[in-house]
$ cat upload.cif   # mmCIF, C-alpha atoms
data_start
#
loop_
_atom_site.label_atom_id
_atom_site.label_comp_id
_atom_site.auth_asym_id
_atom_site.auth_seq_id
_atom_site.Cartn_x
_atom_site.Cartn_y
_atom_site.Cartn_z
CA MET A 1 197.24 126.85 162.37
CA ARG A 2 194.05 128.59 161.43
CA GLN A 3 195.54 129.19 158.07
CA ILE A 4 196.42 125.50 157.61
CA SER A 5 192.97 124.28 158.41
CA CYS A 6 191.65 126.85 156.05
CA VAL A 7 193.97 125.63 153.35
CA SER A 8 192.91 122.04 154.09
CA LYS A 9 189.28 123.00 153.59
CA LEU A 10 190.16 124.88 150.48
CA ALA A 11 192.10 121.86 149.17
CA LYS A 12 189.03 119.62 149.58
CA GLY A 13 186.88 122.15 147.75
CA THR A 14 189.42 122.54 145.02
CA THR A 15 189.56 118.79 144.50
CA LEU A 16 185.79 118.61 144.12
CA CYS A 17 185.77 121.59 141.83
CA ALA A 18 188.51 120.11 139.67
CA MET A 19 186.69 116.77 139.37
CA ILE A 20 183.57 118.47 138.16
CA ALA A 21 185.58 120.54 135.74
CA LEU A 22 187.27 117.43 134.44
CA SER A 23 184.01 115.54 133.97
CA ALA A 24 182.52 118.52 132.16
CA ALA A 25 185.54 118.65 129.88
CA ALA A 26 185.27 114.90 129.28
CA TYR A 27 181.64 115.38 128.21
CA ALA A 28 182.45 118.24 125.89
CA SER A 29 185.23 116.49 124.10
CA SER A 30 183.58 113.08 124.29
CA PRO A 31 184.69 110.67 121.65
CA ILE A 32 184.97 110.43 118.01
CA PRO A 33 183.79 113.50 116.13
CA ALA A 34 183.69 111.53 112.84
CA GLU A 35 180.93 109.35 114.30
CA LYS A 36 178.98 112.36 115.46
CA ILE A 37 179.30 113.85 112.00
CA ALA A 38 177.98 110.65 110.42
CA VAL A 39 174.98 110.68 112.76
CA ALA A 40 174.29 114.33 111.89
CA LYS A 41 174.50 113.57 108.17
CA SER A 42 172.00 110.77 108.54
CA SER A 43 169.58 113.01 110.45
CA LEU A 44 169.98 115.70 107.83
CA GLN A 45 169.12 113.25 105.05
CA ARG A 46 165.99 112.11 106.87
CA ALA A 47 164.96 115.73 107.37
CA GLU A 48 165.47 116.51 103.68
CA GLN A 49 163.31 113.51 102.71
CA SER A 50 160.55 114.54 105.10
CA GLY A 51 160.00 117.88 103.41
CA ALA A 52 161.87 119.91 106.01
CA PRO A 53 163.48 122.24 103.42
CA GLU A 54 159.94 123.41 102.60
CA PHE A 55 158.38 123.37 106.07
CA ALA A 56 161.38 124.23 108.30
CA PRO A 57 163.90 126.11 106.14
CA VAL A 58 165.55 127.94 109.09
CA GLU A 59 166.37 124.78 111.03
CA MET A 60 167.52 123.07 107.85
CA ALA A 61 169.87 125.90 106.94
CA ALA A 62 171.32 125.90 110.46
CA ALA A 63 171.85 122.14 110.38
CA ARG A 64 173.57 122.25 106.98
CA ASP A 65 175.79 125.15 108.05
CA LYS A 66 176.84 123.44 111.26
CA LEU A 67 177.52 120.16 109.51
CA ALA A 68 179.79 121.92 107.02
CA ARG A 69 181.60 123.67 109.84
CA ALA A 70 181.94 120.42 111.77
CA GLU A 71 183.56 118.76 108.76
CA LYS A 72 185.91 121.71 108.36
CA ALA A 73 186.78 121.59 112.09
CA LEU A 74 187.49 117.90 111.78
CA ALA A 75 189.71 118.56 108.81
CA ASP A 76 191.46 121.20 110.93
CA ARG A 77 191.88 118.58 113.67
CA ASN A 78 189.77 120.67 116.04
CA LYS A 79 188.06 117.65 117.53
CA GLN A 80 186.09 119.39 120.24
CA SER A 81 184.63 121.95 117.89
CA ALA A 82 183.86 119.28 115.28
CA THR A 83 182.04 117.19 117.90
CA GLN A 84 180.01 120.08 119.24
CA LEU A 85 179.04 121.32 115.79
CA ALA A 86 178.08 117.80 114.70
CA GLU A 87 175.90 117.40 117.81
CA GLN A 88 174.17 120.69 117.10
CA ALA A 89 173.75 119.86 113.41
CA ASP A 90 172.18 116.53 114.43
CA VAL A 91 169.66 118.04 116.84
CA ASP A 92 168.90 120.88 114.40
CA ALA A 93 168.19 118.35 111.66
CA GLN A 94 165.97 116.35 113.98
CA LEU A 95 164.09 119.50 114.91
CA ALA A 96 163.74 120.43 111.23
CA GLU A 97 162.26 117.01 110.48
CA ALA A 98 159.95 117.17 113.50
CA THR A 99 158.83 120.68 112.57
CA ALA A 100 158.02 119.56 109.04
CA GLN A 101 156.07 116.57 110.35
CA ARG A 102 154.31 118.80 112.84
CA GLN A 103 153.18 121.21 110.13
CA LYS A 104 152.09 118.45 107.82
CA SER A 105 150.08 116.83 110.62
CA ARG A 106 148.55 120.14 111.57
CA LYS A 107 147.54 120.76 107.97
CA ALA A 108 146.08 117.27 107.62
CA ALA A 109 144.20 117.63 110.92
CA MET A 110 142.70 120.96 109.89
CA GLU A 111 141.60 119.52 106.55
CA PHE A 112 140.14 116.57 108.37
CA ASP A 113 138.29 118.88 110.77
CA ALA A 114 136.86 120.79 107.83
CA SER A 115 135.73 117.63 106.07
CA MET A 116 134.20 116.33 109.30
CA GLN A 117 132.29 119.54 109.80
CA ALA A 118 130.97 119.37 106.25
CA LEU A 119 130.05 115.74 106.75
CA ARG A 120 128.22 116.45 110.03
CA GLN A 121 126.28 119.30 108.46
CA GLU A 122 125.38 117.20 105.45
CA SER A 123 124.37 114.32 107.67
CA GLN A 124 122.18 116.56 109.83
CA ARG A 125 120.64 118.16 106.76
CA SER A 126 119.92 114.84 105.07
CA SER A 127 118.52 113.34 108.28
CA ALA A 128 116.44 116.48 108.82
CA THR A 129 114.91 116.31 105.36
CA ASN A 130 114.08 112.65 105.67
CA MET B 1 205.94 131.97 153.47
CA ASN B 2 205.52 134.20 150.48
CA ALA B 3 205.18 131.23 148.22
CA LYS B 4 202.70 129.63 150.64
CA LEU B 5 200.63 132.77 150.85
CA PHE B 6 200.65 133.10 147.08
CA THR B 7 199.46 129.56 146.65
CA GLY B 8 196.72 130.09 149.21
CA MET B 9 195.56 133.25 147.50
CA GLY B 10 195.58 131.47 144.17
CA LEU B 11 193.44 128.64 145.52
CA ALA B 12 191.13 131.11 147.19
CA LEU B 13 190.71 132.95 143.92
CA ALA B 14 190.04 129.74 142.02
CA LEU B 15 187.62 128.51 144.67
CA GLY B 16 185.88 131.84 144.83
CA ALA B 17 185.36 131.75 141.10
CA CYS B 18 184.02 128.23 141.33
CA VAL B 19 181.47 128.65 144.11
CA SER B 20 180.43 132.24 143.42
CA MET B 21 176.97 132.76 141.80
CA PRO B 22 177.20 131.92 138.06
CA GLN B 23 176.99 134.79 135.63
CA PRO B 24 173.74 134.98 133.68
CA ASN B 25 174.08 132.88 130.51
CA ALA B 26 171.73 133.61 127.60
CA ALA B 27 171.90 130.03 126.22
CA LEU B 28 171.14 128.61 129.66
CA GLU B 29 168.21 131.00 130.19
CA THR B 30 166.80 129.96 126.82
CA ALA B 31 167.24 126.28 127.68
CA ARG B 32 165.49 126.63 131.04
CA LEU B 33 162.57 128.41 129.45
CA ALA B 34 162.36 125.86 126.62
CA VAL B 35 162.38 122.92 129.05
CA GLN B 36 159.78 124.57 131.32
CA THR B 37 157.54 125.22 128.35
CA ALA B 38 157.89 121.62 127.17
CA GLU B 39 157.17 120.34 130.68
CA ALA B 40 153.98 122.37 130.77
CA ASP B 41 152.84 120.93 127.43
CA PRO B 42 150.42 118.03 128.03
CA ASN B 43 151.13 116.64 124.54
CA VAL B 44 154.82 116.32 125.47
CA ASN B 45 154.11 114.34 128.64
CA LYS B 46 151.67 112.16 126.79
CA PHE B 47 153.43 111.60 123.45
CA ALA B 48 157.12 112.64 123.76
CA PRO B 49 158.40 111.88 127.26
CA LEU B 50 161.75 110.52 125.99
CA ASP B 51 162.53 113.76 124.13
CA LEU B 52 161.76 115.66 127.33
CA ASP B 53 164.07 113.37 129.32
CA ARG B 54 166.91 114.12 126.93
CA ALA B 55 166.26 117.85 127.21
CA ARG B 56 166.25 117.65 131.01
CA LYS B 57 169.51 115.70 131.04
CA ASP B 58 171.17 118.26 128.74
CA LEU B 59 169.82 121.09 130.89
CA SER B 60 171.15 119.52 134.07
CA ILE B 61 174.61 119.18 132.51
CA ALA B 62 174.43 122.82 131.50
CA GLU B 63 173.27 123.80 134.99
CA ASP B 64 176.13 121.83 136.56
CA ALA B 65 178.67 123.46 134.30
CA SER B 66 177.21 126.85 135.02
CA LEU B 67 177.09 126.19 138.76
CA HIS B 68 180.77 125.36 138.69
CA HIS B 69 181.57 128.25 136.46
CA GLN B 70 182.68 126.15 133.55
CA ASP B 71 181.26 128.78 131.25
CA ALA B 72 182.80 127.24 128.18
CA GLU B 73 180.92 124.00 128.94
CA VAL B 74 177.49 125.58 129.39
CA ASP B 75 176.51 126.67 125.92
CA GLN B 76 176.68 123.28 124.20
CA PRO B 77 174.42 121.29 126.56
CA ALA B 78 172.18 124.35 126.95
CA TYR B 79 171.75 124.49 123.19
CA LEU B 80 171.05 120.75 123.02
CA ALA B 81 168.55 121.07 125.85
CA THR B 82 166.74 123.88 124.05
CA GLN B 83 166.55 121.99 120.78
CA ASN B 84 165.50 118.74 122.44
CA ALA B 85 162.76 120.59 124.33
CA ARG B 86 161.48 122.06 121.05
CA LEU B 87 161.78 118.62 119.47
CA ALA B 88 159.63 117.21 122.28
CA GLN B 89 156.95 119.82 121.62
CA ALA B 90 157.01 119.25 117.88
CA HIS B 91 156.73 115.48 118.31
CA GLY B 92 154.01 115.87 120.92
CA ALA B 93 151.91 118.16 118.73
CA THR B 94 152.36 115.90 115.70
CA LYS B 95 151.29 112.81 117.57
CA ALA B 96 148.37 114.65 119.18
CA ASP B 97 147.06 115.74 115.78
CA ASP B 98 147.57 112.26 114.35
CA ALA B 99 145.73 110.72 117.29
CA ARG B 100 142.86 113.18 116.94
CA VAL B 101 142.52 112.41 113.23
CA ALA B 102 142.66 108.66 113.89
CA ALA B 103 139.90 108.98 116.49
CA GLY B 104 137.90 111.26 114.21
CA GLN B 105 138.14 108.78 111.37
CA ILE B 106 136.16 106.29 113.43
CA GLU B 107 133.47 108.90 113.95
CA ARG B 108 133.58 109.80 110.27
CA ASP B 109 133.18 106.17 109.28
CA GLN B 110 130.16 105.93 111.57
CA ILE B 111 128.60 109.06 110.10
CA VAL B 112 129.26 107.87 106.57
CA LEU B 113 127.87 104.43 107.39
CA ALA B 114 124.76 105.94 108.97
CA SER B 115 124.35 108.22 105.99
CA ARG B 116 124.74 105.38 103.52
CA THR B 117 122.28 103.28 105.48
CA ARG B 118 119.79 106.12 105.47
CA GLU B 119 120.28 106.66 101.74
CA ALA B 120 119.78 102.98 101.08
CA GLU B 121 116.62 102.96 103.18
CA ASN B 122 115.33 106.03 101.43
CA ALA B 123 116.09 104.50 98.06
CA ARG B 124 114.35 101.31 99.10
CA ALA B 125 111.37 103.23 100.44
CA SER B 126 111.18 105.38 97.35
CA ALA B 127 111.49 102.31 95.14
CA ALA B 128 108.67 100.73 97.13
CA ASN B 129 106.62 103.89 96.78
CA SER B 130 107.32 103.96 93.08
CA ARG B 131 106.28 100.34 92.82
CA VAL B 132 103.09 101.04 94.75
CA ALA B 133 102.41 104.08 92.58
CA ALA B 134 103.12 102.05 89.46
CA ASP B 135 100.82 99.27 90.64
CA LEU B 136 98.17 101.83 91.46
CA ALA B 137 98.55 103.43 88.05
CA LEU B 138 98.35 100.02 86.39
CA ASN B 139 95.27 99.16 88.40
CA GLN B 140 93.66 102.42 87.51
CA ARG B 141 94.52 101.93 83.89
CA ASP B 142 93.15 98.38 83.95
CA GLN B 143 90.04 99.65 85.66
CA ALA B 144 89.63 102.35 83.05
CA VAL B 145 90.18 99.83 80.27
CA ASN B 146 87.65 97.49 81.85
CA GLN B 147 85.13 100.25 82.27
CA ARG B 148 85.63 101.33 78.70
CA ASP B 149 85.33 97.77 77.45
CA GLN B 150 82.28 97.29 79.60
CA ALA B 151 80.77 100.49 78.29
CA ASN B 152 81.60 99.43 74.77
CA ASP B 153 80.13 96.02 75.43
CA GLU B 154 77.00 97.57 76.85
CA THR B 155 76.75 99.98 73.98
CA ALA B 156 77.30 97.16 71.52
CA ARG B 157 74.88 94.97 73.39
CA ALA B 158 72.37 97.79 73.55
CA ASN B 159 72.90 98.49 69.89
CA GLY B 160 72.65 94.80 69.09
CA GLU B 161 69.58 94.48 71.31
CA THR B 162 67.84 97.35 69.62
CA ALA B 163 68.69 95.98 66.21
CA ARG B 164 67.63 92.49 67.21
CA ILE B 165 64.32 93.67 68.69
CA GLN B 166 63.70 95.66 65.61
CA ALA B 167 64.48 92.63 63.47
CA GLU B 168 62.22 90.48 65.58
CA LEU B 169 59.41 93.01 65.42
CA ASP B 170 59.98 93.32 61.69
CA ALA B 171 59.65 89.56 61.40
CA LEU B 172 56.39 89.76 63.34
CA LYS B 173 55.27 92.49 60.99
CA ALA B 174 54.22 94.60 63.94
CA THR B 175 52.94 98.15 63.39
CA PRO B 176 53.45 100.90 65.98
CA THR B 177 50.19 102.36 67.35
CA PRO B 178 49.29 104.51 70.39
CA ARG B 179 48.46 101.29 72.33
CA GLY B 180 51.73 99.63 71.37
CA LEU B 181 53.09 97.51 68.56
CA VAL B 182 50.21 95.75 66.84
CA MET B 183 50.63 92.46 65.01
CA THR B 184 47.65 91.33 63.04
CA LEU B 185 46.99 87.64 62.64
CA GLY B 186 44.82 87.17 59.57
CA ASP B 187 41.85 84.76 59.42
CA VAL B 188 43.86 82.35 57.29
CA LEU B 189 45.17 81.05 60.59
CA PHE B 190 41.66 79.95 61.59
CA ASP B 191 39.13 77.72 59.86
CA THR B 192 35.75 79.35 59.23
CA GLY B 193 33.64 79.41 62.38
CA ARG B 194 36.36 77.76 64.43
CA ALA B 195 38.61 79.11 67.13
CA GLU B 196 41.55 76.63 66.88
CA LEU B 197 44.73 77.92 65.30
CA LYS B 198 45.65 76.16 62.14
CA SER B 199 49.03 74.48 61.91
CA GLY B 200 50.25 77.24 59.61
CA ALA B 201 50.04 79.67 62.52
CA GLY B 202 52.79 77.78 64.33
CA ARG B 203 55.67 79.76 62.94
CA LYS B 204 54.09 83.09 63.78
CA MET B 205 53.30 81.87 67.30
CA ASP B 206 56.90 80.65 67.69
CA GLN B 207 58.25 84.06 66.75
CA LEU B 208 55.84 85.92 69.02
CA GLY B 209 56.29 83.50 71.92
CA GLN B 210 60.08 83.67 71.69
CA PHE B 211 59.97 87.44 71.62
CA LEU B 212 57.78 87.58 74.74
CA VAL B 213 59.90 85.00 76.58
CA GLU B 214 63.01 87.05 75.89
CA HIS B 215 61.37 90.33 76.85
CA THR B 216 59.70 89.49 80.10
CA ASP B 217 59.05 93.17 80.84
CA ARG B 218 56.50 93.45 78.05
CA ARG B 219 52.86 92.62 78.43
CA VAL B 220 50.68 91.52 75.55
CA GLN B 221 47.01 92.14 74.76
CA ILE B 222 45.22 89.79 72.37
CA ASP B 223 42.04 91.18 70.78
CA GLY B 224 39.71 89.06 68.59
CA PHE B 225 37.50 90.50 65.80
CA THR B 226 34.95 89.14 63.30
CA ASP B 227 33.09 90.37 60.27
CA SER B 228 29.51 91.46 60.49
CA VAL B 229 28.04 88.13 59.41
CA GLY B 230 26.16 86.34 62.18
CA THR B 231 24.77 87.41 65.51
CA ASP B 232 26.69 89.72 67.75
CA SER B 233 26.76 87.19 70.59
CA TYR B 234 28.14 84.51 68.30
CA ASN B 235 30.75 86.85 66.86
CA GLU B 236 31.83 88.14 70.28
CA ASP B 237 32.11 84.58 71.59
CA LEU B 238 34.05 83.47 68.51
CA SER B 239 36.40 86.44 68.66
CA GLN B 240 36.99 85.75 72.37
CA ARG B 241 37.71 82.11 71.80
CA ARG B 242 40.12 82.89 68.98
CA ALA B 243 41.95 85.36 71.24
CA ASP B 244 42.05 82.68 73.94
CA SER B 245 43.49 80.21 71.42
CA VAL B 246 46.34 82.58 70.70
CA LYS B 247 46.86 83.07 74.46
CA ALA B 248 47.00 79.32 74.95
CA ALA B 249 49.53 79.01 72.13
CA LEU B 250 51.76 81.64 73.79
CA ILE B 251 51.43 79.99 77.22
CA ASN B 252 52.52 76.75 75.59
CA ARG B 253 55.61 78.60 74.39
CA GLY B 254 56.57 79.71 77.93
CA VAL B 255 54.88 83.06 78.28
CA GLN B 256 53.45 83.72 81.75
CA PRO B 257 49.61 83.83 81.65
CA SER B 258 49.53 86.91 83.87
CA ARG B 259 51.26 88.91 81.15
CA ILE B 260 48.59 88.09 78.58
CA GLY B 261 45.27 89.89 78.32
CA THR B 262 42.43 88.81 75.92
CA GLU B 263 39.29 90.43 74.66
CA GLY B 264 36.62 89.46 72.09
CA TYR B 265 35.24 92.46 70.30
CA GLY B 266 33.05 90.67 67.74
CA LYS B 267 32.25 92.75 64.68
CA ALA B 268 33.33 96.03 66.27
CA TYR B 269 36.32 97.98 65.01
CA PRO B 270 36.27 96.74 61.42
CA VAL B 271 39.36 97.53 59.43
CA ALA B 272 37.63 97.15 56.06
CA ASN B 273 34.19 97.26 54.42
CA ASN B 274 31.98 94.31 55.35
CA ASN B 275 30.09 94.65 52.07
CA ASP B 276 32.50 92.59 50.02
CA SER B 277 34.23 89.33 50.76
CA GLY B 278 37.73 90.84 50.61
CA GLY B 279 36.82 93.43 53.23
CA ARG B 280 35.12 90.83 55.45
CA GLN B 281 38.26 88.64 55.28
CA LEU B 282 40.37 91.55 56.54
CA ASN B 283 37.93 92.14 59.38
CA ARG B 284 38.18 88.54 60.58
CA ARG B 285 41.37 88.85 62.52
CA VAL B 286 43.23 88.70 65.84
CA GLU B 287 45.34 91.70 66.84
CA VAL B 288 48.21 91.17 69.19
CA VAL B 289 49.27 94.37 70.94
CA ILE B 290 52.78 94.27 72.43
CA GLY B 291 53.22 96.68 75.31
CA GLY B 292 56.18 98.88 76.14
CA ASN B 293 59.30 97.54 77.81
CA ASN B 294 58.34 99.05 81.20
CA GLY B 295 55.63 96.47 81.88
CA THR B 296 52.77 98.94 81.47
CA THR B 297 49.30 97.49 81.02
CA ILE B 298 47.70 97.96 77.63
CA ALA B 299 44.57 100.05 77.48
CA PRO B 300 41.44 98.29 76.14
CA ARG B 301 40.27 99.06 72.63
CA SER B 302 37.96 102.05 72.68
CA GLY B 303 36.64 104.74 70.39
CA LEU B 304 37.80 104.80 66.79
#
$ encode --input "upload.cif" --output "structure tokens"
Amino acid sequence: MRQISCVSKLAKGTTLCAMIALSAAAYASSPIPAEKIAVAKSSLQRAEQSGAPEFAPVEMAAARDKLARAEKALADRNKQSATQLAEQADVDAQLAEATAQRQKSRKAAMEFDASMQALRQESQRSSATN
Amino acid sequence: MNAKLFTGMGLALALGACVSMPQPNAALETARLAVQTAEADPNVNKFAPLDLDRARKDLSIAEDASLHHQDAEVDQPAYLATQNARLAQAHGATKADDARVAAGQIERDQIVLASRTREAENARASAANSRVAADLALNQRDQAVNQRDQANDETARANGETARIQAELDALKATPTPRGLVMTLGDVLFDTGRAELKSGAGRKMDQLGQFLVEHTDRRVQIDGFTDSVGTDSYNEDLSQRRADSVKAALINRGVQPSRIGTEGYGKAYPVANNNDSGGRQLNRRVEVVIGGNNGTTIAPRSGL
């Protein structure tokens, strides 16, 4: 009897555990790797146009590598791997683009700061001499 | 019973694996740290909250998978969480820099505007100063030119005056002496024994009168003389009356009486020998002495 109740408890727990496992698996293999690959390609193109190869070469290389592997996985009918690699390639490309933008903005801001400082000094000097 | 027990053990094993503490996962650790770092970044909260939301969602999926020991399902969302957290930071920093530059540009425009305004004011002021200086220089130049012209005029006038006086005196046939310029009016201007000026004297009187009217600072002394014929009293009276006639003629021509002195010397101070008629004619005369231009009185005839 004790054993049965124990088993009953265990069964409930197992059910819950299995549901979570299933939902996790559903997420991982969630649909249509070809679409994911297309999204990654688009992100990669945007990154290339934003100067990411120059400013974020590591992220760019990772994104390109993963996209190639995703396409190969798709060709090999390994849908889950293709999807995961495409997702990673997409986020890597986005990060490459953002990193490039971030560096360009930082550079522009520093140049602006320098020009502002020069302008303030000149303004003070010219107002002091007048 | 054996089968039952086996099944129970199997379930227990599976359950134990599921609820036991998850093994440390490097990807998950990295994701947690990345999300925490992004959460602590004020630029992320301000400028990239959606990126952070995505990272949190990925992390929670990874945490769930890890909690339930689905190790194979941890790495992917953990990786996505990490990258999305980094993405959030990159976007946040970019937008923060852009916002700072945009705000700074307003300040820069104000500084530039103020600077331009100041430059324009300075230029205007300096132009005004230049104009004032130019006007001043022009004025000074005009003044200098005027002064020079004036000086030239005065010099010319003075030169002309001197020349004119000289010409006038020449016309009067005046001779410089210690008492002044002396003009001698011969006796041809008077009838014998009479004191009235003959009409022929008019031109001489005009010249002398005009000269004295124009040169009001000069006094004039009119001295009458006779030859030695006749009594002294008669000669002195005649010489005085002849001098007075000349004075009257000058007064008629506008000369102030107070400027004119007269004296009758009779036969005294002859200029020639009274023994012959030619000498006596020279002695019958009226001398007009023109004083200096400072209004000095003319000393009476003495000595000689």
$ interface_residues --input "upload.cif" --of "chain A" --to "chain B" --cutoff "6 Å" --atoms "only C-alpha atoms" --output "PyMOL selection string"
chain A and resi 95+98-99+102+105+109
$ atom_distance --input "upload.cif" --atom1 "CA of Arg259 (chain B)" --atom2 "CA of Asp227 (chain B)"
27.7 Å
$ residues_around --input "upload.cif" --residues "Ser233 (chain B)" --least-positions-apart "4" --cutoff "9 Å" --atoms "all atoms listed in the file" --output "list in words"
Asp237, Leu238 and Gly266 of chain B
$ resolve_selection --input "upload.cif" --expression "the PyMOL selection byres ((chain B and resi 241) around 9)" --output "list in words"
Arg194, Ala195, Glu196, Gly224, Glu236, Asp237, Leu238, Ser239, Gln240, Arg242, Ala243, Asp244, Ser245, Val246, Glu263 and Gly264 of chain B
$ resolve_selection --input "upload.cif" --expression "the PyMOL selection byres ((chain A and resi 33) around 10)" --output "list in words"
Ser29, Ser30, Pro31, Ile32, Ala34, Glu35, Lys36, Ile37, Ala38, Val39, Ala70, Glu71, Ala73, Leu74, Arg77, Asn78, Lys79, Gln80, Ser81, Ala82, Thr83, Gln84, Leu85, Ala86 and Glu87 of chain A
$ write_last_selection --input "upload.cif" --atoms "C-alpha atoms" --output "compact mmCIF listing (two decimals), in the coordinates of the input"
# COMPACT_ATOMS: atom_id res chain seq x y z
CA SER A 29 185.23 116.49 124.10
CA SER A 30 183.58 113.08 124.29
CA PRO A 31 184.69 110.67 121.65
CA ILE A 32 184.97 110.43 118.01
CA ALA A 34 183.69 111.53 112.84
CA GLU A 35 180.93 109.35 114.30
CA LYS A 36 178.98 112.36 115.46
CA ILE A 37 179.30 113.85 112.00
CA ALA A 38 177.98 110.65 110.42
CA VAL A 39 174.98 110.68 112.76
CA ALA A 70 181.94 120.42 111.77
CA GLU A 71 183.56 118.76 108.76
CA ALA A 73 186.78 121.59 112.09
CA LEU A 74 187.49 117.90 111.78
CA ARG A 77 191.88 118.58 113.67
CA ASN A 78 189.77 120.67 116.04
CA LYS A 79 188.06 117.65 117.53
CA GLN A 80 186.09 119.39 120.24
CA SER A 81 184.63 121.95 117.89
CA ALA A 82 183.86 119.28 115.28
CA THR A 83 182.04 117.19 117.90
CA GLN A 84 180.01 120.08 119.24
CA LEU A 85 179.04 121.32 115.79
CA ALA A 86 178.08 117.80 114.70
CA GLU A 87 175.90 117.40 117.81
$ closest_residue --input "upload.cif" --among "B:Val145, B:Ala128, B:Val286, B:Ala31" --to "Ala201 (chain B)" --atoms "all atoms listed in the file"
B:Val286
$ atom_distance --input "upload.cif" --atom1 "CA of Gly180 (chain B)" --atom2 "CA of Val289 (chain B)"
5.8 Å
$ resolve_selection --input "upload.cif" --expression "the PyMOL selection byres ((chain B and resi 209) around 12)" --output "ChimeraX atom specification"
/B:168-169,172,201-208,210-216,218-220,246-257,259-260,288,290
